[in-house]
>>> print(open('structure_19.cif').read())   # mmCIF, N, CA, C and O atoms
data_start
loop_
_atom_site.label_atom_id
_atom_site.label_comp_id
_atom_site.auth_asym_id
_atom_site.auth_seq_id
_atom_site.Cartn_x
_atom_site.Cartn_y
_atom_site.Cartn_z
N MET F 7 44.16 58.37 154.05
CA MET F 7 45.38 57.79 153.53
C MET F 7 45.13 56.34 153.16
O MET F 7 44.57 55.58 153.92
N TYR F 8 45.55 55.95 152.00
CA TYR F 8 45.40 54.58 151.52
C TYR F 8 46.56 53.74 152.03
O TYR F 8 47.71 54.13 151.89
N VAL F 9 46.26 52.62 152.62
CA VAL F 9 47.29 51.71 153.10
C VAL F 9 47.48 50.63 152.05
O VAL F 9 46.54 49.93 151.69
N TYR F 10 48.68 50.52 151.54
CA TYR F 10 48.98 49.50 150.54
C TYR F 10 48.98 48.12 151.18
O TYR F 10 49.52 47.94 152.26
N GLY F 11 48.36 47.19 150.53
CA GLY F 11 48.37 45.80 150.99
C GLY F 11 49.37 45.03 150.18
O GLY F 11 49.87 45.51 149.16
N PHE F 12 49.68 43.82 150.62
CA PHE F 12 50.69 43.04 149.91
C PHE F 12 50.26 42.75 148.49
O PHE F 12 51.09 42.66 147.60
N CYS F 13 48.96 42.63 148.25
CA CYS F 13 48.48 42.38 146.88
C CYS F 13 48.77 43.57 145.99
O CYS F 13 49.13 43.42 144.83
N ASP F 14 48.60 44.77 146.53
CA ASP F 14 48.86 45.98 145.76
C ASP F 14 50.35 46.17 145.51
O ASP F 14 50.77 46.54 144.43
N ILE F 15 51.14 45.90 146.52
CA ILE F 15 52.57 46.20 146.45
C ILE F 15 53.27 45.34 145.41
O ILE F 15 54.12 45.82 144.67
N VAL F 16 52.91 44.07 145.30
CA VAL F 16 53.62 43.21 144.37
C VAL F 16 53.34 43.57 142.91
O VAL F 16 54.08 43.14 142.03
N LEU F 17 52.33 44.38 142.66
CA LEU F 17 52.01 44.77 141.30
C LEU F 17 52.63 46.11 140.89
O LEU F 17 52.48 46.55 139.77
N ILE F 18 53.33 46.74 141.78
CA ILE F 18 53.91 48.04 141.53
C ILE F 18 55.38 47.88 141.16
O ILE F 18 56.06 47.00 141.67
N GLU F 19 55.88 48.73 140.29
CA GLU F 19 57.28 48.65 139.88
C GLU F 19 58.21 48.78 141.09
O GLU F 19 57.94 49.52 142.02
N ASP F 20 59.32 48.05 141.04
CA ASP F 20 60.28 48.07 142.14
C ASP F 20 60.71 49.47 142.54
O ASP F 20 60.75 49.79 143.71
N GLN F 21 61.04 50.30 141.58
CA GLN F 21 61.54 51.63 141.91
C GLN F 21 60.49 52.46 142.63
O GLN F 21 60.81 53.24 143.51
N LYS F 22 59.24 52.31 142.28
CA LYS F 22 58.18 53.04 142.97
C LYS F 22 58.08 52.56 144.41
O LYS F 22 57.90 53.36 145.32
N ILE F 23 58.23 51.25 144.60
CA ILE F 23 58.18 50.72 145.97
C ILE F 23 59.34 51.28 146.77
O ILE F 23 59.16 51.78 147.88
N TYR F 24 60.55 51.18 146.22
CA TYR F 24 61.74 51.62 146.95
C TYR F 24 61.73 53.12 147.22
O TYR F 24 62.14 53.56 148.29
N ASN F 25 61.30 53.91 146.27
CA ASN F 25 61.43 55.36 146.39
C ASN F 25 60.22 56.04 147.01
O ASN F 25 60.37 57.03 147.73
N ASP F 26 59.02 55.54 146.73
CA ASP F 26 57.83 56.26 147.15
C ASP F 26 57.05 55.60 148.28
O ASP F 26 56.62 56.26 149.21
N ILE F 27 56.86 54.31 148.18
CA ILE F 27 55.97 53.63 149.13
C ILE F 27 56.71 53.17 150.38
O ILE F 27 56.28 53.40 151.50
N ILE F 28 57.84 52.50 150.17
CA ILE F 28 58.62 51.96 151.29
C ILE F 28 60.08 52.35 151.09
O ILE F 28 60.92 51.50 150.80
N PRO F 29 60.41 53.61 151.26
CA PRO F 29 61.76 54.07 150.94
C PRO F 29 62.84 53.71 151.96
O PRO F 29 64.03 53.80 151.66
N ASP F 30 62.43 53.29 153.17
CA ASP F 30 63.44 53.01 154.19
C ASP F 30 62.91 51.95 155.17
O ASP F 30 61.76 51.52 155.08
N LYS F 31 63.78 51.54 156.06
CA LYS F 31 63.44 50.46 156.99
C LYS F 31 62.27 50.83 157.90
O LYS F 31 61.40 50.00 158.16
N GLN F 32 62.22 52.05 158.39
CA GLN F 32 61.13 52.45 159.28
C GLN F 32 59.80 52.44 158.54
O GLN F 32 58.79 51.97 159.07
N SER F 33 59.79 52.90 157.32
CA SER F 33 58.57 52.87 156.51
C SER F 33 58.14 51.43 156.27
O SER F 33 56.95 51.11 156.31
N ALA F 34 59.10 50.55 156.03
CA ALA F 34 58.80 49.13 155.82
C ALA F 34 58.14 48.53 157.06
O ALA F 34 57.14 47.82 156.96
N LYS F 35 58.69 48.84 158.22
CA LYS F 35 58.10 48.34 159.46
C LYS F 35 56.68 48.84 159.61
O LYS F 35 55.77 48.07 159.96
N ASN F 36 56.46 50.12 159.33
CA ASN F 36 55.12 50.69 159.45
C ASN F 36 54.13 50.00 158.51
O ASN F 36 53.01 49.66 158.90
N VAL F 37 54.54 49.79 157.26
CA VAL F 37 53.67 49.12 156.29
C VAL F 37 53.38 47.69 156.73
O VAL F 37 52.24 47.24 156.68
N LEU F 38 54.41 46.97 157.17
CA LEU F 38 54.20 45.59 157.60
C LEU F 38 53.28 45.51 158.81
O LEU F 38 52.41 44.62 158.88
N PHE F 39 53.42 46.43 159.76
CA PHE F 39 52.53 46.45 160.91
C PHE F 39 51.09 46.69 160.48
O PHE F 39 50.16 46.07 160.99
N LYS F 40 50.89 47.59 159.51
CA LYS F 40 49.54 47.88 159.04
C LYS F 40 48.94 46.70 158.29
O LYS F 40 47.75 46.41 158.43
N ILE F 41 49.75 46.01 157.50
CA ILE F 41 49.26 44.83 156.79
C ILE F 41 48.91 43.73 157.80
O ILE F 41 47.86 43.11 157.70
N GLU F 42 49.78 43.54 158.79
CA GLU F 42 49.51 42.54 159.81
C GLU F 42 48.23 42.90 160.57
O GLU F 42 47.38 42.03 160.82
N GLU F 43 48.07 44.15 160.91
CA GLU F 43 46.87 44.61 161.61
C GLU F 43 45.61 44.35 160.77
O GLU F 43 44.58 43.92 161.29
N ALA F 44 45.70 44.60 159.47
CA ALA F 44 44.55 44.37 158.58
C ALA F 44 44.19 42.89 158.53
O ALA F 44 43.01 42.53 158.57
N ILE F 45 45.19 42.02 158.45
CA ILE F 45 44.92 40.58 158.40
C ILE F 45 44.30 40.12 159.71
O ILE F 45 43.33 39.35 159.71
N ILE F 46 44.83 40.58 160.82
CA ILE F 46 44.29 40.20 162.13
C ILE F 46 42.85 40.70 162.27
O ILE F 46 41.97 39.98 162.76
N CYS F 47 42.60 41.91 161.81
CA CYS F 47 41.24 42.46 161.83
C CYS F 47 40.30 41.56 161.05
O CYS F 47 39.21 41.21 161.53
N TYR F 48 40.71 41.15 159.87
CA TYR F 48 39.88 40.28 159.04
C TYR F 48 39.65 38.93 159.70
O TYR F 48 38.52 38.42 159.71
N LEU F 49 40.69 38.34 160.27
CA LEU F 49 40.54 37.04 160.94
C LEU F 49 39.58 37.15 162.11
O LEU F 49 38.76 36.25 162.34
N ASN F 50 39.66 38.25 162.86
CA ASN F 50 38.71 38.46 163.96
C ASN F 50 37.29 38.62 163.42
O ASN F 50 36.34 38.12 164.01
N PHE F 51 37.16 39.32 162.31
CA PHE F 51 35.86 39.57 161.69
C PHE F 51 35.19 38.26 161.25
O PHE F 51 34.01 38.05 161.50
N ILE F 52 35.95 37.37 160.61
CA ILE F 52 35.33 36.14 160.12
C ILE F 52 35.06 35.14 161.24
O ILE F 52 34.23 34.25 161.09
N SER F 53 35.75 35.29 162.38
CA SER F 53 35.52 34.36 163.48
C SER F 53 34.50 34.88 164.49
O SER F 53 34.02 34.15 165.33
N ASN F 54 34.15 36.18 164.39
CA ASN F 54 33.23 36.79 165.34
C ASN F 54 32.41 37.83 164.60
O ASN F 54 32.92 38.90 164.28
N ASP F 55 31.15 37.54 164.36
CA ASP F 55 30.32 38.45 163.56
C ASP F 55 30.05 39.78 164.24
O ASP F 55 29.52 40.70 163.62
N LYS F 56 30.42 39.92 165.50
CA LYS F 56 30.25 41.20 166.20
C LYS F 56 31.48 42.10 166.03
O LYS F 56 31.45 43.27 166.38
N PHE F 57 32.55 41.54 165.50
CA PHE F 57 33.79 42.29 165.30
C PHE F 57 33.70 43.03 163.98
O PHE F 57 33.34 42.47 162.97
N GLU F 58 34.01 44.32 163.98
CA GLU F 58 33.93 45.12 162.76
C GLU F 58 35.27 45.18 162.05
O GLU F 58 36.32 45.20 162.69
N CYS F 59 35.21 45.20 160.73
CA CYS F 59 36.40 45.29 159.91
C CYS F 59 36.06 46.12 158.68
O CYS F 59 34.97 46.00 158.12
N ASP F 60 36.97 46.96 158.26
CA ASP F 60 36.77 47.82 157.10
C ASP F 60 36.39 46.99 155.88
O ASP F 60 37.01 45.96 155.60
N SER F 61 35.40 47.43 155.13
CA SER F 61 34.93 46.67 153.97
C SER F 61 36.01 46.53 152.90
O SER F 61 36.05 45.53 152.18
N PHE F 62 36.91 47.49 152.81
CA PHE F 62 38.02 47.41 151.86
C PHE F 62 38.90 46.20 152.19
O PHE F 62 39.27 45.42 151.31
N ILE F 63 39.20 46.02 153.47
CA ILE F 63 40.03 44.89 153.91
C ILE F 63 39.29 43.58 153.65
O ILE F 63 39.87 42.62 153.14
N VAL F 64 38.00 43.56 153.98
CA VAL F 64 37.20 42.35 153.77
C VAL F 64 37.20 41.97 152.29
O VAL F 64 37.40 40.81 151.94
N ASN F 65 37.01 42.95 151.42
CA ASN F 65 36.97 42.67 149.98
C ASN F 65 38.29 42.14 149.45
O ASN F 65 38.32 41.28 148.57
N ILE F 66 39.41 42.63 149.97
CA ILE F 66 40.72 42.17 149.51
C ILE F 66 41.02 40.76 150.01
O ILE F 66 41.54 39.93 149.28
N LEU F 67 40.64 40.47 151.24
CA LEU F 67 41.05 39.21 151.86
C LEU F 67 40.00 38.10 151.78
O LEU F 67 40.32 36.94 152.05
N LYS F 68 38.77 38.44 151.41
CA LYS F 68 37.75 37.38 151.37
C LYS F 68 38.16 36.32 150.35
O LYS F 68 38.74 36.61 149.31
N GLY F 69 37.90 35.11 150.70
CA GLY F 69 38.26 34.00 149.82
C GLY F 69 39.66 33.46 150.07
O GLY F 69 40.02 32.40 149.56
N LYS F 70 40.46 34.19 150.84
CA LYS F 70 41.80 33.67 151.18
C LYS F 70 41.66 32.60 152.25
O LYS F 70 40.81 32.68 153.12
N LYS F 71 42.49 31.60 152.17
CA LYS F 71 42.49 30.54 153.16
C LYS F 71 43.05 31.07 154.48
O LYS F 71 44.02 31.84 154.48
N ILE F 72 42.46 30.62 155.57
CA ILE F 72 42.94 31.04 156.89
C ILE F 72 44.39 30.64 157.09
O ILE F 72 45.18 31.40 157.64
N ASP F 73 44.76 29.46 156.62
CA ASP F 73 46.16 29.01 156.73
C ASP F 73 47.11 29.97 156.01
O ASP F 73 48.20 30.25 156.50
N ASP F 74 46.69 30.45 154.84
CA ASP F 74 47.53 31.40 154.10
C ASP F 74 47.67 32.70 154.87
O ASP F 74 48.76 33.28 154.95
N LEU F 75 46.57 33.18 155.44
CA LEU F 75 46.61 34.44 156.18
C LEU F 75 47.48 34.33 157.42
O LEU F 75 48.25 35.24 157.73
N THR F 76 47.37 33.21 158.13
CA THR F 76 48.23 33.05 159.31
C THR F 76 49.69 32.89 158.89
O THR F 76 50.59 33.33 159.62
N ASN F 77 49.92 32.29 157.73
CA ASN F 77 51.28 32.19 157.21
C ASN F 77 51.83 33.58 156.89
O ASN F 77 52.99 33.88 157.16
N TYR F 78 50.99 34.45 156.30
CA TYR F 78 51.42 35.83 156.02
C TYR F 78 51.82 36.53 157.31
O TYR F 78 52.83 37.24 157.36
N ILE F 79 51.03 36.34 158.36
CA ILE F 79 51.35 36.97 159.64
C ILE F 79 52.69 36.46 160.15
O ILE F 79 53.52 37.25 160.62
N SER F 80 52.91 35.18 160.04
CA SER F 80 54.18 34.60 160.49
C SER F 80 55.36 35.17 159.69
O SER F 80 56.40 35.54 160.27
N ILE F 81 55.19 35.26 158.38
CA ILE F 81 56.25 35.83 157.53
C ILE F 81 56.51 37.28 157.93
O ILE F 81 57.67 37.69 158.08
N ILE F 82 55.45 38.04 158.10
CA ILE F 82 55.61 39.46 158.45
C ILE F 82 56.34 39.60 159.78
O ILE F 82 57.26 40.42 159.90
N GLU F 83 55.96 38.83 160.78
CA GLU F 83 56.62 38.94 162.09
C GLU F 83 58.09 38.56 162.00
O GLU F 83 58.95 39.23 162.58
N ASP F 84 58.39 37.50 161.26
CA ASP F 84 59.79 37.11 161.07
C ASP F 84 60.58 38.19 160.34
O ASP F 84 61.72 38.51 160.71
N GLU F 85 59.98 38.76 159.33
CA GLU F 85 60.69 39.76 158.53
C GLU F 85 60.86 41.08 159.27
O GLU F 85 61.85 41.77 159.05
N ILE F 86 59.94 41.42 160.14
CA ILE F 86 60.13 42.62 160.97
C ILE F 86 61.35 42.42 161.87
O ILE F 86 62.16 43.33 162.03
N LYS F 87 61.50 41.21 162.41
CA LYS F 87 62.68 40.91 163.24
C LYS F 87 63.95 40.98 162.39
O LYS F 87 64.96 41.54 162.81
N ASN F 88 63.89 40.41 161.18
CA ASN F 88 65.07 40.42 160.31
C ASN F 88 65.46 41.84 159.91
O ASN F 88 66.65 42.12 159.71
N LEU F 89 64.50 42.70 159.79
CA LEU F 89 64.76 44.07 159.39
C LEU F 89 65.60 44.82 160.43
O LEU F 89 66.31 45.77 160.09
N GLU F 90 65.54 44.37 161.67
CA GLU F 90 66.33 45.00 162.74
C GLU F 90 67.83 44.80 162.54
O GLU F 90 68.63 45.59 163.01
N TYR F 91 68.18 43.72 161.85
CA TYR F 91 69.59 43.45 161.62
C TYR F 91 70.10 44.35 160.50
O TYR F 91 69.33 44.89 159.71
N ASN F 92 71.38 44.47 160.40
CA ASN F 92 71.99 45.31 159.37
C ASN F 92 71.97 44.54 158.05
O ASN F 92 72.91 43.88 157.69
N VAL F 93 70.85 44.63 157.34
CA VAL F 93 70.68 43.92 156.09
C VAL F 93 70.61 44.91 154.93
O VAL F 93 70.31 46.07 155.11
N ASN F 94 70.89 44.40 153.73
CA ASN F 94 70.70 45.21 152.53
C ASN F 94 69.20 45.35 152.36
O ASN F 94 68.48 44.38 152.07
N TYR F 95 68.69 46.54 152.52
CA TYR F 95 67.27 46.80 152.56
C TYR F 95 66.56 46.37 151.28
O TYR F 95 65.50 45.75 151.33
N LYS F 96 67.11 46.67 150.13
CA LYS F 96 66.44 46.33 148.87
C LYS F 96 66.40 44.82 148.65
O LYS F 96 65.41 44.28 148.18
N LEU F 97 67.46 44.12 149.02
CA LEU F 97 67.45 42.66 148.92
C LEU F 97 66.44 42.06 149.90
O LEU F 97 65.73 41.10 149.58
N TRP F 98 66.39 42.64 151.10
CA TRP F 98 65.43 42.19 152.10
C TRP F 98 64.00 42.36 151.57
O TRP F 98 63.17 41.46 151.69
N LEU F 99 63.72 43.50 150.96
CA LEU F 99 62.39 43.78 150.43
C LEU F 99 62.03 42.81 149.31
O LEU F 99 60.92 42.27 149.28
N ASP F 100 62.97 42.55 148.41
CA ASP F 100 62.73 41.58 147.34
C ASP F 100 62.44 40.20 147.92
O ASP F 100 61.54 39.49 147.45
N ASN F 101 63.19 39.80 148.93
CA ASN F 101 62.99 38.51 149.58
C ASN F 101 61.61 38.44 150.25
O ASN F 101 60.92 37.42 150.16
N LEU F 102 61.21 39.52 150.89
CA LEU F 102 59.90 39.57 151.52
C LEU F 102 58.79 39.35 150.50
O LEU F 102 57.89 38.54 150.70
N PHE F 103 58.85 40.06 149.38
CA PHE F 103 57.81 39.92 148.36
C PHE F 103 57.79 38.50 147.78
O PHE F 103 56.73 37.95 147.54
N ALA F 104 58.95 37.92 147.62
CA ALA F 104 59.01 36.55 147.12
C ALA F 104 58.33 35.59 148.08
O ALA F 104 57.58 34.69 147.67
N LYS F 105 58.54 35.79 149.38
CA LYS F 105 57.89 34.94 150.38
C LYS F 105 56.38 35.13 150.38
O LYS F 105 55.62 34.17 150.49
N LEU F 106 55.94 36.38 150.27
CA LEU F 106 54.50 36.67 150.33
C LEU F 106 53.74 36.14 149.12
O LEU F 106 52.58 35.76 149.24
N ILE F 107 54.39 36.10 147.98
CA ILE F 107 53.69 35.61 146.80
C ILE F 107 54.02 34.14 146.51
O ILE F 107 53.58 33.58 145.52
N GLY F 108 54.79 33.54 147.42
CA GLY F 108 55.05 32.10 147.32
C GLY F 108 56.23 31.73 146.48
O GLY F 108 56.33 30.61 146.02
N GLY F 109 57.16 32.67 146.28
CA GLY F 109 58.31 32.38 145.44
C GLY F 109 59.49 31.86 146.19
O GLY F 109 59.57 31.68 147.33
#
>>> encode(input="structure_19.cif", output="structure tokens")
Amino acid sequence: MYVYGFCDIVLIEDQKIYNDIIPDKQSAKNVLFKIEEAIICYLNFISNDKFECDSFIVNILKGKKIDDLTNYISIIEDEIKNLEYNVNYKLWLDNLFAKLIGG
């Protein structure tokens, strides 16, 4: 199974994201947890050469600044908490993507 990363998701049409990739709050939480896990894996990999990380993740995240990656983790954790509240899911998702791409 291919796990969509934030770089992949922002390039996909909104309706595909809403209907196919992240159709509901639980799916959103699952995707965010997987993205966060991938970033943490990469950060561990670059700080410890004995730590293994999937080459796909390494290729996507190499060259990213550590500050940016830690900021992504912070955004993801905050947004997972926000998702627990009774929010308009599609507006929440749009806001999340804007934060991740710096908008």
>>> closest_residue(input="structure_19.cif", among="F:Glu42, F:Ile107, F:Cys47, F:Ile52", to="Glu83 of chain F", atoms="only C-alpha atoms")
F:Glu42
>>> closest_residue(input="structure_19.cif", among="F:Ile28, F:Phe51, F:Lys87, F:Ile45", to="Asp100 of chain F", atoms="only C-alpha atoms")
F:Ile28
>>> atom_distance(input="structure_19.cif", atom1="atom O of Ala34 of chain F", atom2="atom O of Phe57 of chain F")
25.1 Å
>>> residues_near_point(input="structure_19.cif", point="(47.9, 34.8, 155.6)", cutoff="12 Å", atoms="only C-alpha atoms", output="PyMOL selection string")
chain F and resi 11-13+41-49+66-83+105-108
>>> atom_distance(input="structure_19.cif", atom1="atom CA of Gln32 of chain F", atom2="atom CA of Asn101 of chain F")
17.1 Å
>>> closest_residue(input="structure_19.cif", among="F:Lys31, F:Val37, F:Asn50, F:Glu90", to="Val64 of chain F", atoms="only C-alpha atoms")
F:Asn50
>>> resolve_selection(input="structure_19.cif", expression="the PyMOL selection byres (((chain F and resi 96 and name CA) around 10) and name CA)", output="MDAnalysis selection string")
chainID F and resid 20 23:24 28:31 93:95 97:102
>>> atom_distance(input="structure_19.cif", atom1="atom O of Phe62 of chain F", atom2="atom CA of Ala104 of chain F")
22.0 Å
>>> closest_residue(input="structure_19.cif", among="F:Tyr91, F:Asp55, F:Ile86, F:Ser61", to="Lys40 of chain F", atoms="only C-alpha atoms")
F:Ile86
>>> axis_aligned_box(input="structure_19.cif", around="segment 30-35 of chain F", padding_each_side="8 Å", output="JSON")
{"center_x": 59.8, "center_y": 50.6, "center_z": 156.6, "size_x": 24.0, "size_y": 21.5, "size_z": 22.8}
>>> build_atoms(input="structure_19.cif", residues="segment 49-60 of chain F", atoms="all heavy atoms", output="mmCIF file, keeping the file's coordinate frame")
data_model
loop_
_atom_site.group_PDB
_atom_site.id
_atom_site.type_symbol
_atom_site.label_atom_id
_atom_site.label_comp_id
_atom_site.auth_asym_id
_atom_site.auth_seq_id
_atom_site.Cartn_x
_atom_site.Cartn_y
_atom_site.Cartn_z
ATOM 1 N N LEU F 49 40.690 38.340 160.270
ATOM 2 C CA LEU F 49 40.540 37.040 160.940
ATOM 3 C C LEU F 49 39.580 37.150 162.110
ATOM 4 O O LEU F 49 38.760 36.250 162.340
ATOM 5 C CB LEU F 49 41.897 36.510 161.393
ATOM 6 C CG LEU F 49 42.835 36.051 160.280
ATOM 7 C CD1 LEU F 49 44.223 35.751 160.838
ATOM 8 C CD2 LEU F 49 42.269 34.847 159.543
ATOM 9 N N ASN F 50 39.660 38.250 162.860
ATOM 10 C CA ASN F 50 38.710 38.460 163.960
ATOM 11 C C ASN F 50 37.290 38.620 163.420
ATOM 12 O O ASN F 50 36.340 38.120 164.010
ATOM 13 C CB ASN F 50 39.103 39.682 164.784
ATOM 14 C CG ASN F 50 40.279 39.421 165.682
ATOM 15 O OD1 ASN F 50 40.466 38.316 166.171
ATOM 16 N ND2 ASN F 50 41.085 40.434 165.896
ATOM 17 N N PHE F 51 37.160 39.320 162.310
ATOM 18 C CA PHE F 51 35.860 39.570 161.690
ATOM 19 C C PHE F 51 35.190 38.260 161.250
ATOM 20 O O PHE F 51 34.010 38.050 161.500
ATOM 21 C CB PHE F 51 36.035 40.504 160.493
ATOM 22 C CG PHE F 51 34.809 40.701 159.665
ATOM 23 C CD1 PHE F 51 33.769 41.508 160.120
ATOM 24 C CD2 PHE F 51 34.689 40.090 158.430
ATOM 25 C CE1 PHE F 51 32.640 41.704 159.350
ATOM 26 C CE2 PHE F 51 33.560 40.282 157.646
ATOM 27 C CZ PHE F 51 32.529 41.081 158.117
ATOM 28 N N ILE F 52 35.950 37.370 160.610
ATOM 29 C CA ILE F 52 35.330 36.140 160.120
ATOM 30 C C ILE F 52 35.060 35.140 161.240
ATOM 31 O O ILE F 52 34.230 34.250 161.090
ATOM 32 C CB ILE F 52 36.146 35.472 158.983
ATOM 33 C CG1 ILE F 52 37.537 35.080 159.442
ATOM 34 C CG2 ILE F 52 36.191 36.365 157.767
ATOM 35 C CD1 ILE F 52 38.327 34.273 158.421
ATOM 36 N N SER F 53 35.750 35.290 162.380
ATOM 37 C CA SER F 53 35.520 34.360 163.480
ATOM 38 C C SER F 53 34.500 34.880 164.490
ATOM 39 O O SER F 53 34.020 34.150 165.330
ATOM 40 C CB SER F 53 36.831 34.032 164.192
ATOM 41 O OG SER F 53 37.331 35.174 164.842
ATOM 42 N N ASN F 54 34.150 36.180 164.390
ATOM 43 C CA ASN F 54 33.230 36.790 165.340
ATOM 44 C C ASN F 54 32.410 37.830 164.600
ATOM 45 O O ASN F 54 32.920 38.900 164.280
ATOM 46 C CB ASN F 54 34.017 37.416 166.493
ATOM 47 C CG ASN F 54 33.134 38.069 167.526
ATOM 48 O OD1 ASN F 54 31.923 38.156 167.378
ATOM 49 N ND2 ASN F 54 33.756 38.554 168.588
ATOM 50 N N ASP F 55 31.150 37.540 164.360
ATOM 51 C CA ASP F 55 30.320 38.450 163.560
ATOM 52 C C ASP F 55 30.050 39.780 164.240
ATOM 53 O O ASP F 55 29.520 40.700 163.620
ATOM 54 C CB ASP F 55 29.014 37.775 163.141
ATOM 55 C CG ASP F 55 28.166 37.346 164.320
ATOM 56 O OD1 ASP F 55 28.602 37.488 165.467
ATOM 57 O OD2 ASP F 55 27.038 36.857 164.068
ATOM 58 N N LYS F 56 30.420 39.920 165.500
ATOM 59 C CA LYS F 56 30.250 41.200 166.200
ATOM 60 C C LYS F 56 31.480 42.100 166.030
ATOM 61 O O LYS F 56 31.450 43.270 166.380
ATOM 62 C CB LYS F 56 29.972 40.972 167.684
ATOM 63 C CG LYS F 56 28.646 40.285 167.922
ATOM 64 C CD LYS F 56 28.390 40.063 169.378
ATOM 65 C CE LYS F 56 27.072 39.305 169.529
ATOM 66 N NZ LYS F 56 26.796 38.987 170.915
ATOM 67 N N PHE F 57 32.550 41.540 165.500
ATOM 68 C CA PHE F 57 33.790 42.290 165.300
ATOM 69 C C PHE F 57 33.700 43.030 163.980
ATOM 70 O O PHE F 57 33.340 42.470 162.970
ATOM 71 C CB PHE F 57 34.996 41.348 165.306
ATOM 72 C CG PHE F 57 36.310 42.044 165.463
ATOM 73 C CD1 PHE F 57 36.821 42.293 166.720
ATOM 74 C CD2 PHE F 57 37.027 42.469 164.359
ATOM 75 C CE1 PHE F 57 38.028 42.931 166.880
ATOM 76 C CE2 PHE F 57 38.233 43.119 164.505
ATOM 77 C CZ PHE F 57 38.741 43.351 165.769
ATOM 78 N N GLU F 58 34.010 44.320 163.980
ATOM 79 C CA GLU F 58 33.930 45.120 162.760
ATOM 80 C C GLU F 58 35.270 45.180 162.050
ATOM 81 O O GLU F 58 36.320 45.200 162.690
ATOM 82 C CB GLU F 58 33.461 46.539 163.094
ATOM 83 C CG GLU F 58 32.032 46.578 163.594
ATOM 84 C CD GLU F 58 31.533 47.996 163.791
ATOM 85 O OE1 GLU F 58 32.046 48.922 163.143
ATOM 86 O OE2 GLU F 58 30.618 48.154 164.612
ATOM 87 N N CYS F 59 35.210 45.200 160.730
ATOM 88 C CA CYS F 59 36.400 45.290 159.910
ATOM 89 C C CYS F 59 36.060 46.120 158.680
ATOM 90 O O CYS F 59 34.970 46.000 158.120
ATOM 91 C CB CYS F 59 36.861 43.889 159.498
ATOM 92 S SG CYS F 59 38.444 43.848 158.657
ATOM 93 N N ASP F 60 36.970 46.960 158.260
ATOM 94 C CA ASP F 60 36.770 47.820 157.100
ATOM 95 C C ASP F 60 36.390 46.990 155.880
ATOM 96 O O ASP F 60 37.010 45.960 155.600
ATOM 97 C CB ASP F 60 38.055 48.603 156.842
ATOM 98 C CG ASP F 60 37.901 49.628 155.756
ATOM 99 O OD1 ASP F 60 38.027 49.238 154.574
ATOM 100 O OD2 ASP F 60 37.653 50.798 156.078
#
